[in-house]
file protein30.txt (compact mmCIF, C-alpha atoms)
# COMPACT_ATOMS: atom_id res chain seq x y z
CA MET A 181 -15.57 145.86 -44.26
CA GLN A 182 -15.22 144.18 -40.90
CA ASP A 183 -17.96 141.60 -41.33
CA ARG A 184 -16.38 138.11 -41.44
CA VAL A 185 -19.03 136.70 -43.76
CA LEU A 186 -18.68 139.47 -46.34
CA GLN A 187 -14.89 139.43 -46.09
CA LYS A 188 -14.88 135.74 -46.88
CA ALA A 189 -17.43 136.25 -49.67
CA VAL A 190 -15.21 138.85 -51.33
CA ARG A 191 -12.24 136.47 -51.28
CA ILE A 192 -14.39 133.80 -52.91
CA LEU A 193 -15.70 136.21 -55.54
CA GLU A 194 -12.21 137.14 -56.68
CA ARG A 195 -12.88 134.44 -59.27
CA PRO A 196 -16.10 133.40 -61.03
CA VAL A 197 -18.27 131.16 -58.83
CA CYS A 198 -21.84 129.90 -59.12
CA ASP A 199 -24.46 130.22 -56.39
CA HIS A 200 -23.96 126.57 -55.42
CA CYS A 201 -20.25 126.99 -54.76
CA LEU A 202 -20.61 130.41 -53.13
CA GLY A 203 -23.39 129.24 -50.81
CA ARG A 204 -21.62 125.96 -50.03
CA GLN A 205 -18.80 127.86 -48.31
CA PHE A 206 -21.41 129.04 -45.78
CA ALA A 207 -23.39 125.77 -45.59
CA GLN A 208 -23.16 125.58 -41.79
CA LEU A 209 -24.81 128.97 -41.34
CA LEU A 210 -28.62 129.16 -41.15
CA SER A 211 -30.73 126.02 -41.35
CA GLY A 212 -33.62 125.57 -43.72
CA ARG A 213 -31.91 127.13 -46.72
CA THR A 214 -30.27 125.59 -49.76
CA ASN A 215 -26.76 126.48 -50.79
CA VAL A 216 -28.18 128.19 -53.87
CA GLU A 217 -30.32 130.40 -51.62
CA ARG A 218 -27.32 131.21 -49.41
CA GLY A 219 -25.18 131.95 -52.46
CA ARG A 220 -27.78 134.27 -53.97
CA ALA A 221 -28.24 136.16 -50.70
CA ILE A 222 -24.48 136.63 -50.23
CA ARG A 223 -23.98 137.66 -53.85
CA ASP A 224 -26.71 140.27 -53.42
CA ALA A 225 -25.07 141.56 -50.23
CA VAL A 226 -21.71 141.99 -51.98
CA ALA A 227 -23.44 143.64 -54.95
CA MET A 228 -25.03 146.14 -52.56
CA ALA A 229 -21.62 146.89 -51.08
CA LEU A 230 -20.28 147.47 -54.59
CA ASP A 231 -23.21 149.74 -55.39
CA SER A 232 -22.42 151.74 -52.26
CA GLU A 233 -19.07 152.42 -53.99
CA GLU A 234 -16.96 150.28 -51.70
CA ASN A 235 -13.70 149.37 -53.40
CA LEU A 236 -13.83 145.56 -53.53
CA LYS A 237 -11.53 143.39 -55.61
CA VAL A 238 -13.95 140.96 -57.17
CA ASP A 239 -14.44 139.39 -60.59
CA MET A 240 -17.31 141.38 -62.07
CA SER A 241 -18.48 138.42 -64.12
CA ASN A 242 -19.99 137.23 -60.84
CA PHE A 243 -22.57 140.02 -61.20
CA ALA A 244 -23.65 139.48 -64.80
CA GLY A 245 -27.19 140.80 -65.18
CA TYR A 246 -27.02 143.07 -62.11
CA ARG A 247 -27.97 146.74 -62.54
CA PHE A 248 -26.21 149.11 -60.17
CA HIS A 249 -28.00 152.28 -59.10
CA HIS A 250 -25.11 154.42 -57.86
CA SER A 251 -21.94 152.75 -59.02
CA GLU A 252 -20.63 153.17 -62.56
CA LEU A 253 -19.28 149.63 -62.56
CA LYS A 254 -19.77 147.71 -65.80
CA THR A 255 -21.05 144.14 -65.69
CA PRO A 256 -21.01 141.57 -68.50
CA GLU A 257 -24.28 140.33 -69.93
CA ALA A 258 -23.37 136.65 -69.57
CA ARG A 259 -21.79 134.89 -66.60
CA VAL A 260 -18.51 132.96 -66.84
CA ALA A 261 -18.23 129.26 -65.96
CA CYS A 262 -17.68 128.61 -62.27
CA SER A 263 -13.99 128.31 -61.38
CA ALA A 264 -14.78 125.95 -58.49
CA CYS A 265 -17.05 123.35 -60.13
CA ALA A 266 -16.93 124.04 -63.89
CA ASP A 267 -20.74 124.34 -63.72
CA VAL A 268 -21.17 120.67 -62.83
CA PHE A 269 -24.42 121.46 -61.03
CA GLU A 270 -26.01 122.36 -64.37
CA ASP A 271 -25.69 118.65 -65.24
CA VAL A 272 -27.50 117.42 -62.11
CA GLU A 273 -30.74 116.74 -63.97
CA THR A 274 -28.84 114.66 -66.53
CA TYR A 275 -27.33 112.56 -63.75
CA VAL A 276 -30.74 112.19 -62.12
CA LYS A 277 -32.16 110.73 -65.32
CA LYS A 278 -29.21 108.36 -65.71
CA VAL A 279 -29.47 107.14 -62.13
CA ALA A 280 -33.24 106.71 -62.34
CA ARG A 281 -32.87 104.73 -65.57
CA VAL A 282 -30.49 102.29 -63.84
CA LEU A 283 -32.52 101.99 -60.65
CA THR A 284 -35.81 101.26 -62.37
CA LYS A 285 -34.30 97.94 -63.52
CA LEU A 286 -33.66 96.83 -59.93
CA ASP A 287 -35.84 95.61 -57.07
CA PHE A 288 -34.85 97.55 -53.94
CA ASN A 289 -36.26 99.59 -51.08
CA THR A 290 -33.50 102.06 -50.21
CA PHE A 291 -30.55 103.65 -52.01
CA LEU A 292 -27.71 106.13 -51.57
CA VAL A 293 -25.81 108.24 -54.08
CA GLY A 294 -22.01 108.58 -53.92
CA THR A 295 -19.85 110.76 -56.18
CA GLN A 296 -16.35 110.38 -57.57
CA VAL A 297 -15.13 113.81 -58.61
CA SER A 298 -12.26 114.49 -61.00
CA GLU A 299 -8.77 115.52 -59.91
CA GLU A 300 -9.44 118.90 -61.53
CA LEU A 301 -12.49 119.53 -59.33
CA ILE A 302 -10.62 118.41 -56.21
CA GLY A 303 -7.79 120.80 -57.06
CA ALA A 304 -10.18 123.69 -57.76
CA GLU A 305 -11.95 123.14 -54.43
CA GLU A 306 -8.68 123.00 -52.51
CA GLU A 307 -7.50 126.20 -54.21
CA LEU A 308 -10.77 127.90 -53.17
CA TRP A 309 -10.32 126.75 -49.57
CA GLU A 310 -6.77 128.09 -49.54
CA ARG A 311 -8.13 131.52 -50.48
CA SER A 312 -11.19 131.61 -48.29
CA GLY A 313 -10.70 129.03 -45.52
CA ILE A 314 -12.81 126.00 -44.62
CA GLU A 315 -14.91 127.50 -41.82
CA TRP A 316 -18.65 126.86 -42.41
CA CYS A 317 -18.07 125.03 -45.71
CA GLU A 318 -19.42 121.79 -47.19
CA PRO A 319 -17.40 119.68 -49.69
CA ILE A 320 -18.68 119.56 -53.23
CA LYS A 321 -19.24 115.79 -53.03
CA GLY A 322 -21.70 116.27 -50.17
CA GLU A 323 -23.82 118.73 -52.09
CA LEU A 324 -23.76 116.70 -55.29
CA ASN A 325 -24.79 113.55 -53.45
CA ARG A 326 -27.66 115.38 -51.77
CA GLU A 327 -28.85 117.20 -54.89
CA VAL A 328 -28.89 114.07 -57.05
CA GLY A 329 -30.18 111.83 -54.26
CA SER A 330 -33.12 114.02 -53.27
CA ARG A 331 -34.30 114.37 -56.86
CA VAL A 332 -33.87 110.65 -57.64
CA GLU A 333 -35.85 109.89 -54.48
CA LYS A 334 -38.83 111.74 -55.95
CA VAL A 335 -38.49 110.07 -59.34
CA VAL A 336 -38.13 106.43 -58.24
CA LYS A 337 -40.26 106.87 -55.11
CA LYS A 338 -37.72 105.03 -52.91
CA LYS A 339 -36.05 106.24 -49.74
CA VAL A 340 -32.47 107.41 -49.31
CA ASP A 341 -30.71 105.47 -46.53
CA PHE A 342 -27.40 106.94 -45.34
CA LYS A 343 -26.42 103.94 -43.18
CA LYS A 344 -27.29 100.69 -44.95
CA PRO A 345 -28.86 101.21 -48.38
CA ASP A 346 -29.91 98.28 -50.52
CA VAL A 347 -28.20 99.92 -53.51
CA LEU A 348 -25.28 102.34 -53.67
CA VAL A 349 -25.20 104.46 -56.83
CA LEU A 350 -21.76 105.73 -57.86
CA LEU A 351 -21.40 108.77 -60.11
CA ASN A 352 -18.07 109.14 -61.91
CA LEU A 353 -18.13 112.79 -62.96
CA ALA A 354 -14.92 112.62 -64.98
CA LYS A 355 -16.24 109.77 -67.15
CA ARG A 356 -19.90 110.81 -66.81
CA ARG A 357 -20.67 107.23 -65.88
CA VAL A 358 -23.20 105.69 -63.47
CA SER A 359 -22.57 102.35 -61.75
CA VAL A 360 -24.29 100.54 -58.90
CA GLU A 361 -23.22 98.37 -56.01
CA ILE A 362 -26.00 96.08 -54.83
CA ASN A 363 -25.63 95.22 -51.17
CA PRO A 364 -26.20 91.61 -50.08
CA LEU A 365 -29.55 90.24 -48.98
CA CYS A 366 -29.30 88.44 -45.63
CA ILE A 367 -31.70 85.80 -44.32
CA TYR A 368 -31.53 84.28 -40.86
CA GLY A 369 -32.51 80.69 -40.24
CA GLU A 370 -31.76 77.50 -38.29
CA TYR A 371 -30.89 74.18 -39.90
CA ASN A 372 -30.64 70.49 -39.10
CA LYS A 373 -28.34 68.31 -41.17
CA LEU A 374 -29.92 64.87 -41.33
CA LYS A 375 -27.37 63.07 -43.52
CA ARG A 376 -23.71 62.48 -42.77
CA GLY A 377 -21.00 63.22 -45.31
CA ILE A 378 -22.19 66.71 -46.23
CA PRO A 379 -20.07 69.79 -45.42
CA GLN A 380 -21.71 72.91 -44.06
CA THR A 381 -20.38 75.18 -46.79
CA LYS A 382 -19.36 74.77 -50.41
CA TRP A 383 -16.12 72.80 -50.70
CA PRO A 384 -13.52 74.84 -52.69
CA SER A 385 -11.78 71.79 -54.20
CA GLY A 386 -15.01 70.26 -55.42
CA LYS A 387 -14.38 67.09 -53.39
CA TYR A 388 -17.93 67.29 -52.06
CA LYS A 389 -20.54 67.99 -54.70
CA ILE A 390 -23.19 69.33 -52.33
CA SER A 391 -23.30 71.22 -49.03
CA VAL A 392 -25.86 72.49 -46.55
CA GLU A 393 -25.21 75.96 -47.94
CA GLN A 394 -25.94 74.96 -51.53
CA ILE A 395 -29.13 73.11 -50.63
CA ILE A 396 -30.54 76.06 -48.70
CA ALA A 397 -29.32 78.69 -51.16
CA LYS A 398 -30.68 77.05 -54.32
CA PRO A 399 -34.29 78.34 -54.17
CA PHE A 400 -33.13 81.76 -52.92
CA MET A 401 -30.68 82.15 -55.78
CA ARG A 402 -33.37 81.25 -58.26
CA ALA A 403 -35.81 83.77 -56.74
CA THR A 404 -33.38 86.68 -56.27
CA GLY A 405 -31.13 86.31 -59.30
CA GLY A 406 -28.08 86.78 -57.08
CA THR A 407 -24.56 86.25 -58.39
CA ASN A 408 -23.29 84.14 -55.48
CA HIS A 409 -24.02 83.16 -51.90
CA LYS A 410 -22.36 82.59 -48.52
CA LEU A 411 -23.55 80.75 -45.44
CA HIS A 412 -22.40 81.96 -42.03
CA GLY A 413 -23.06 79.42 -39.30
CA MET A 414 -22.94 79.64 -35.51
CA GLY A 415 -20.11 77.14 -35.55
CA ARG A 416 -20.02 74.07 -37.77
CA GLU A 417 -20.30 70.33 -37.34
CA ASP A 418 -17.83 67.84 -38.81
CA ILE A 419 -18.65 66.61 -42.29
CA ASP A 420 -19.37 63.11 -41.00
CA ALA A 421 -21.54 64.39 -38.14
CA ARG A 422 -25.23 65.16 -38.15
CA CYS A 423 -26.67 68.36 -36.70
CA LEU A 424 -29.98 67.78 -34.94
CA GLY A 425 -29.91 70.84 -32.70
CA TRP A 426 -31.09 73.59 -35.11
CA ARG A 427 -27.90 75.50 -35.80
CA PRO A 428 -28.43 79.25 -36.40
CA PHE A 429 -27.10 80.60 -39.69
CA ILE A 430 -27.30 83.62 -41.97
CA LEU A 431 -27.57 83.08 -45.71
CA GLU A 432 -26.00 85.96 -47.63
CA ILE A 433 -27.12 86.45 -51.24
CA LEU A 434 -24.68 88.61 -53.21
CA GLU A 435 -25.89 91.21 -55.72
CA PRO A 436 -29.57 90.19 -55.75
CA ASN A 437 -31.61 91.63 -58.61
CA LYS A 438 -34.76 91.02 -56.58
CA ARG A 439 -35.01 91.62 -52.83
CA ASN A 440 -38.72 91.41 -52.09
CA VAL A 441 -39.11 87.63 -52.08
CA ARG A 442 -41.39 85.39 -50.05
CA VAL A 443 -39.07 83.80 -47.53
CA ALA A 444 -41.66 81.33 -46.19
CA GLN A 445 -42.20 79.86 -49.65
CA LEU A 446 -38.46 79.59 -50.30
CA GLN A 447 -37.94 77.91 -46.93
CA LYS A 448 -40.59 75.38 -47.93
CA ALA A 449 -38.78 74.80 -51.22
CA ALA A 450 -35.46 74.18 -49.41
CA ASN A 451 -37.15 71.65 -47.13
CA LYS A 452 -38.06 69.48 -50.11
CA ASP A 453 -34.50 68.17 -49.93
CA LYS A 454 -34.64 65.43 -47.29
CA ARG A 455 -30.98 65.80 -46.33
CA ILE A 456 -31.60 68.99 -44.37
CA ARG A 457 -34.36 70.88 -42.54
CA VAL A 458 -34.59 74.65 -42.08
CA ARG A 459 -36.88 76.77 -39.94
CA ASN A 460 -37.44 80.34 -38.70
CA MET A 461 -36.09 81.93 -41.88
CA ALA A 462 -36.51 85.72 -42.03
CA PHE A 463 -34.75 88.81 -43.38
CA ILE A 464 -32.03 90.16 -41.09
CA ASP A 465 -29.59 93.07 -41.20
CA SER A 466 -26.08 92.27 -42.42
CA SER A 467 -24.63 93.61 -39.15
CA ALA A 468 -25.95 90.43 -37.51
CA ILE A 469 -23.31 88.34 -39.32
CA GLU A 470 -20.53 89.56 -37.07
CA ARG A 471 -22.61 88.98 -33.95
CA LEU A 472 -23.43 85.45 -35.12
CA LYS A 473 -19.75 84.69 -35.66
CA ARG A 474 -18.82 86.02 -32.22
CA ALA A 475 -21.44 83.90 -30.44
CA GLN A 476 -19.94 81.09 -28.33
CA PRO A 477 -22.83 78.96 -27.03
CA ASP A 478 -22.36 75.61 -25.32
CA LYS A 479 -23.21 72.60 -27.45
CA SER A 480 -24.47 69.14 -26.58
CA TYR A 481 -23.45 66.04 -28.51
CA ARG A 482 -24.32 62.37 -28.76
CA ALA A 483 -21.41 60.11 -29.62
CA LEU A 484 -21.51 56.42 -30.41
CA VAL A 485 -18.14 55.20 -29.13
CA ILE A 486 -16.33 51.97 -30.01
CA LEU A 487 -13.75 50.60 -27.54
CA ASN A 488 -10.90 48.23 -28.43
CA LYS A 489 -11.44 46.22 -25.23
CA THR A 490 -14.36 45.25 -23.06
CA VAL A 491 -15.05 47.68 -20.24
CA ALA A 492 -17.10 46.68 -17.18
CA PRO A 493 -20.11 48.87 -16.34
CA ALA A 494 -18.58 49.91 -13.00
CA ARG A 495 -15.49 51.22 -14.76
CA LEU A 496 -17.54 53.64 -16.81
CA LYS A 497 -18.20 55.63 -13.64
CA LYS A 498 -14.71 57.07 -14.03
CA LEU A 499 -16.19 59.27 -16.75
CA ALA A 500 -17.86 61.33 -14.02
CA VAL A 501 -14.48 63.04 -13.56
CA LEU A 502 -15.23 64.99 -16.74
CA ASN A 503 -18.26 66.78 -15.26
CA ASN A 504 -17.41 70.51 -14.97
CA LYS A 505 -13.83 69.64 -15.84
CA GLU A 506 -11.36 71.90 -17.64
CA ILE A 507 -9.54 69.92 -20.31
CA TYR A 508 -6.48 70.72 -22.43
CA GLN A 509 -6.54 70.21 -26.17
CA GLU A 510 -3.59 70.61 -28.48
CA THR A 511 -4.61 71.22 -32.06
CA PRO A 512 -5.94 67.87 -33.32
CA THR A 513 -3.72 66.00 -35.74
CA ARG A 514 -6.60 65.84 -38.23
CA VAL A 515 -6.78 69.65 -38.57
CA MET A 516 -3.14 70.63 -38.07
CA HIS A 517 -2.77 71.31 -41.79
CA ARG A 518 -5.17 74.26 -41.48
CA ARG A 519 -5.01 75.33 -37.82
CA ALA A 520 -2.24 76.82 -35.68
CA ASP A 521 -0.65 74.30 -33.33
CA LYS A 522 -1.49 75.50 -29.84
CA VAL A 523 -3.07 74.31 -26.59
CA ARG A 524 -6.69 75.26 -25.97
CA ARG A 525 -8.41 75.07 -22.60
CA ARG A 526 -12.08 74.11 -22.70
CA VAL A 527 -14.67 73.20 -20.05
CA VAL A 528 -16.71 70.02 -20.28
CA LYS A 529 -19.96 70.92 -18.49
CA GLU A 530 -21.70 67.54 -18.29
CA VAL A 531 -21.11 63.94 -19.33
CA LYS A 532 -23.65 61.09 -19.38
CA TRP A 533 -23.07 57.58 -20.67
CA ARG A 534 -24.96 54.42 -21.51
CA ARG A 535 -23.46 50.99 -22.11
CA LEU A 536 -24.71 49.48 -25.35
CA GLY A 537 -22.48 46.43 -25.40
CA PRO A 538 -19.12 45.09 -24.15
CA ARG A 539 -17.23 47.44 -26.48
CA LYS A 540 -19.86 49.99 -27.37
CA ILE A 541 -21.11 52.97 -25.35
CA GLU A 542 -23.20 56.06 -26.00
CA ILE A 543 -21.83 59.27 -24.50
CA ARG A 544 -23.73 62.53 -24.23
CA VAL A 545 -21.59 65.63 -23.65
CA ARG A 546 -22.35 69.25 -23.02
CA ALA A 547 -19.21 71.30 -23.59
CA GLN A 548 -17.92 74.81 -24.11
CA ALA A 549 -17.89 76.12 -27.68
CA GLY A 550 -14.78 75.06 -29.55
CA THR A 551 -14.34 71.71 -27.80
CA TYR A 552 -13.09 68.95 -30.10
CA ILE A 553 -15.43 66.10 -29.14
CA LYS A 554 -13.77 63.35 -31.17
CA GLU A 555 -10.46 64.10 -29.45
CA LEU A 556 -12.18 64.31 -26.04
CA ILE A 557 -13.15 60.68 -26.69
CA SER A 558 -9.97 59.33 -28.30
CA GLY A 559 -7.34 61.46 -26.56
CA ASP A 560 -5.65 62.01 -29.94
CA GLY A 561 -2.45 60.28 -28.83
CA GLY A 562 -2.29 62.29 -25.62
CA ARG A 563 -2.87 65.67 -27.27
CA THR A 564 -6.21 65.99 -25.41
CA TYR A 565 -6.22 65.29 -21.67
CA PRO A 566 -8.00 64.07 -19.73
CA SER A 567 -9.98 62.03 -22.25
CA VAL A 568 -12.44 59.13 -22.27
CA SER A 569 -9.72 56.84 -23.58
CA GLU A 570 -7.32 57.83 -20.81
CA LEU A 571 -9.91 57.48 -18.04
CA LEU A 572 -11.07 54.05 -19.20
CA GLY A 573 -7.60 52.78 -20.02
CA VAL A 574 -8.60 51.62 -23.51
CA LYS A 575 -8.54 52.97 -27.03
CA ALA A 576 -11.79 54.71 -27.92
CA ARG A 577 -13.01 56.15 -31.19
CA VAL A 578 -16.16 57.92 -32.30
CA LYS A 579 -18.16 55.93 -34.82
CA GLU A 580 -21.06 58.39 -35.03
CA LEU A 581 -21.38 61.97 -33.79
CA ASP A 582 -24.48 64.14 -33.60
CA VAL A 583 -24.91 67.74 -32.45
CA ILE A 584 -28.13 67.44 -30.47
CA GLU A 585 -28.48 70.93 -28.97
CA ILE A 586 -27.04 74.41 -29.35
CA HIS A 587 -27.64 76.24 -26.11
CA GLY A 588 -28.48 79.93 -26.08
CA LYS A 589 -29.12 80.68 -29.75
CA LYS A 590 -29.63 84.42 -29.15
CA PHE A 591 -26.81 86.63 -30.36
call {"tool": "encode", "arguments": {"input": "protein30.txt", "output": "structure tokens"}}
result
Amino acid sequence: MQDRVLQKAVRILERPVCDHCLGRQFAQLLSGRTNVERGRAIRDAVAMALDSEENLKVDMSNFAGYRFHHSELKTPEARVACSACADVFEDVETYVKKVARVLTKLDFNTFLVGTQVSEELIGAEEELWERSGIEWCEPIKGELNREVGSRVEKVVKKKVDFKKPDVLVLLNLAKRRVSVEINPLCIYGEYNKLKRGIPQTKWPSGKYKISVEQIIAKPFMRATGGTNHKLHGMGREDIDARCLGWRPFILEILEPNKRNVRVAQLQKAANKDKRIRVRNMAFIDSSAIERLKRAQPDKSYRALVILNKTVAPARLKKLAVLNNKEIYQETPTRVMHRRADKVRRRVVKEVKWRRLGPRKIEIRVRAQAGTYIKELISGDGGRTYPSVSELLGVKARVKELDVIEIHGKKF
């Protein structure tokens, strides 16, 4: 026999194999056929070769039930368990029922099945590949995932999604156990923080009892039955600052039992809390989180600044130096406990000022993302330069700070 396909088939059939495992070794040949159909066709071809009295070294239990016309070969009445999969494919319908039973308790739109096979099955498959080679083959996990997934799809009437399923079903064949991983539910939105003294995200130490994240997440957690939540913001304002510029964020709900919720109603519920405002909330793919974090838009601020000495109106014109000016900022002393000590270069795009009193001015700044505005004002003991304090020759501190615009919200 010179035919490569039949030569490989004979090597496989040296031991008992089912149609699934026989056909799977030729999975990349001929489209539109199942592995069972391939396996049956190849088994028939080898049987014909045997019947033509070719001397082939095969396990005859592979041909249980065959009747040979010319050959005097004896075949057993019953087949032997598959040496490659231990007849695991006979349990597919059982797994389908188990998976469907779990999924019917969840609210989802798409799913994917993954399989964890035993060490014994992995070893049996590797031994088969050593005998027959890996050309044209498909791993057993791939076929099991497809067989279970396609049948579950028909039962639960939901779509399989190979890239980003709502639910990942895991089959542990060794323990005959089904478990699920529920992927997060992500909602985009934009918020204003109207009250000072509130952090953007939940404070680990419990020092702050409430956060923007917790206020927004509360109605969504109630509606989805999620186990936890995260808020990813396009930057963050200081705890004592307000945000009036509609900061983009993505709310991530972990392990939601219910996904098909009415976002507009939940946004309205969040807005009942007068400390924040949210708008434009809508479902978004989780891949957007990384893009949001990478975004570096300019931001505009309003700062109410207190000076330790009276400054004449004419002297304030020195602040014009900061327009389109690159400044140098060493890590601020107030955040050195959690940030690496290094010098950052940032560009101040525009500065406007208004004198409110002998020792009080309002400064509006548009600056590159990552600029420490409080230190731009105070100088932080010379760690930021140039600064408002340095240019005016007085000590300056920020009494109130507001984020008034986030430029270029697209990401």
call {"tool": "residues_around", "arguments": {"input": "protein30.txt", "residues": "Asn235 (chain A)", "least_positions_apart": "4", "cutoff": "12 Å", "atoms": "all atoms listed in the file", "output": "PyMOL selection string"}}
result
chain A and resi 181+190+226-231+251+253
call {"tool": "closest_residue", "arguments": {"input": "protein30.txt", "among": "A:Lys339, A:Pro256, A:Ile367, A:Arg539", "to": "Met240 (chain A)", "atoms": "only C-alpha atoms"}}
result
A:Pro256
call {"tool": "atom_distance", "arguments": {"input": "protein30.txt", "atom1": "CA of Glu333 (chain A)", "atom2": "CA of Lys285 (chain A)"}}
result
15.1 Å
call {"tool": "atom_distance", "arguments": {"input": "protein30.txt", "atom1": "CA of Met461 (chain A)", "atom2": "CA of Ala475 (chain A)"}}
result
18.7 Å
call {"tool": "atom_distance", "arguments": {"input": "protein30.txt", "atom1": "CA of Phe591 (chain A)", "atom2": "CA of Ala468 (chain A)"}}
result
8.1 Å
call {"tool": "residues_around", "arguments": {"input": "protein30.txt", "residues": "Asp199 (chain A)", "least_positions_apart": "6", "cutoff": "12 Å", "atoms": "only C-alpha atoms", "output": "list in words"}}
result
Ala189, Ile192, Leu193, Gln205, Phe206, Ala207, Thr214, Asn215, Val216, Glu217, Arg218, Gly219, Arg220, Ala221, Ile222, Arg223, Asp224, Asn242, Phe243, Arg259, Ala261, Cys262, Ser263, Ala264, Cys265, Asp267, Val268, Phe269 and Glu270 of chain A
call {"tool": "write_last_selection", "arguments": {"input": "protein30.txt", "atoms": "C-alpha atoms", "output": "short mmCIF file (atom, residue, chain, number, x, y, z; two decimals), in the frame of the given file"}}
result
data_model
loop_
_atom_site.label_atom_id
_atom_site.label_comp_id
_atom_site.auth_asym_id
_atom_site.auth_seq_id
_atom_site.Cartn_x
_atom_site.Cartn_y
_atom_site.Cartn_z
CA ALA A 189 -17.43 136.25 -49.67
CA ILE A 192 -14.39 133.80 -52.91
CA LEU A 193 -15.70 136.21 -55.54
CA GLN A 205 -18.80 127.86 -48.31
CA PHE A 206 -21.41 129.04 -45.78
CA ALA A 207 -23.39 125.77 -45.59
CA THR A 214 -30.27 125.59 -49.76
CA ASN A 215 -26.76 126.48 -50.79
CA VAL A 216 -28.18 128.19 -53.87
CA GLU A 217 -30.32 130.40 -51.62
CA ARG A 218 -27.32 131.21 -49.41
CA GLY A 219 -25.18 131.95 -52.46
CA ARG A 220 -27.78 134.27 -53.97
CA ALA A 221 -28.24 136.16 -50.70
CA ILE A 222 -24.48 136.63 -50.23
CA ARG A 223 -23.98 137.66 -53.85
CA ASP A 224 -26.71 140.27 -53.42
CA ASN A 242 -19.99 137.23 -60.84
CA PHE A 243 -22.57 140.02 -61.20
CA ARG A 259 -21.79 134.89 -66.60
CA ALA A 261 -18.23 129.26 -65.96
CA CYS A 262 -17.68 128.61 -62.27
CA SER A 263 -13.99 128.31 -61.38
CA ALA A 264 -14.78 125.95 -58.49
CA CYS A 265 -17.05 123.35 -60.13
CA ASP A 267 -20.74 124.34 -63.72
CA VAL A 268 -21.17 120.67 -62.83
CA PHE A 269 -24.42 121.46 -61.03
CA GLU A 270 -26.01 122.36 -64.37
#
call {"tool": "residues_around", "arguments": {"input": "protein30.txt", "residues": "Val501 (chain A)", "least_positions_apart": "3", "cutoff": "10 Å", "atoms": "all atoms listed in the file", "output": "ChimeraX atom specification"}}
result
/A:497-498,504-505,528,530-531,566-568,571
call {"tool": "residues_around", "arguments": {"input": "protein30.txt", "residues": "region 479-486 of chain A", "least_positions_apart": "4", "cutoff": "6 Å", "atoms": "all atoms listed in the file", "output": "PyMOL selection string"}}
result
chain A and resi 539-547+576-587
call {"tool": "decode", "arguments": {"input": "protein30.txt", "residues": "region 468-484 of chain A", "atoms": "C-alpha atoms", "output": "mmCIF file, in the first residue's frame"}}
result
data_model
loop_
_atom_site.group_PDB
_atom_site.id
_atom_site.type_symbol
_atom_site.label_atom_id
_atom_site.label_comp_id
_atom_site.auth_asym_id
_atom_site.auth_seq_id
_atom_site.Cartn_x
_atom_site.Cartn_y
_atom_site.Cartn_z
ATOM 1 C CA ALA A 468 -12.440 49.195 25.528
ATOM 2 C CA ILE A 469 -11.060 49.241 29.096
ATOM 3 C CA GLU A 470 -7.467 49.113 27.906
ATOM 4 C CA ARG A 471 -8.083 51.821 25.313
ATOM 5 C CA LEU A 472 -9.692 54.022 27.970
ATOM 6 C CA LYS A 473 -6.694 53.603 30.263
ATOM 7 C CA ARG A 474 -4.260 54.444 27.464
ATOM 8 C CA ALA A 475 -6.086 57.655 26.533
ATOM 9 C CA GLN A 476 -4.150 60.824 27.419
ATOM 10 C CA PRO A 477 -6.427 63.803 26.708
ATOM 11 C CA ASP A 478 -5.639 67.350 27.791
ATOM 12 C CA LYS A 479 -7.633 68.579 30.768
ATOM 13 C CA SER A 480 -8.768 72.033 31.816
ATOM 14 C CA TYR A 481 -8.994 73.105 35.438
ATOM 15 C CA ARG A 482 -10.282 75.984 37.533
ATOM 16 C CA ALA A 483 -8.274 76.683 40.659
ATOM 17 C CA LEU A 484 -9.097 79.100 43.441
#
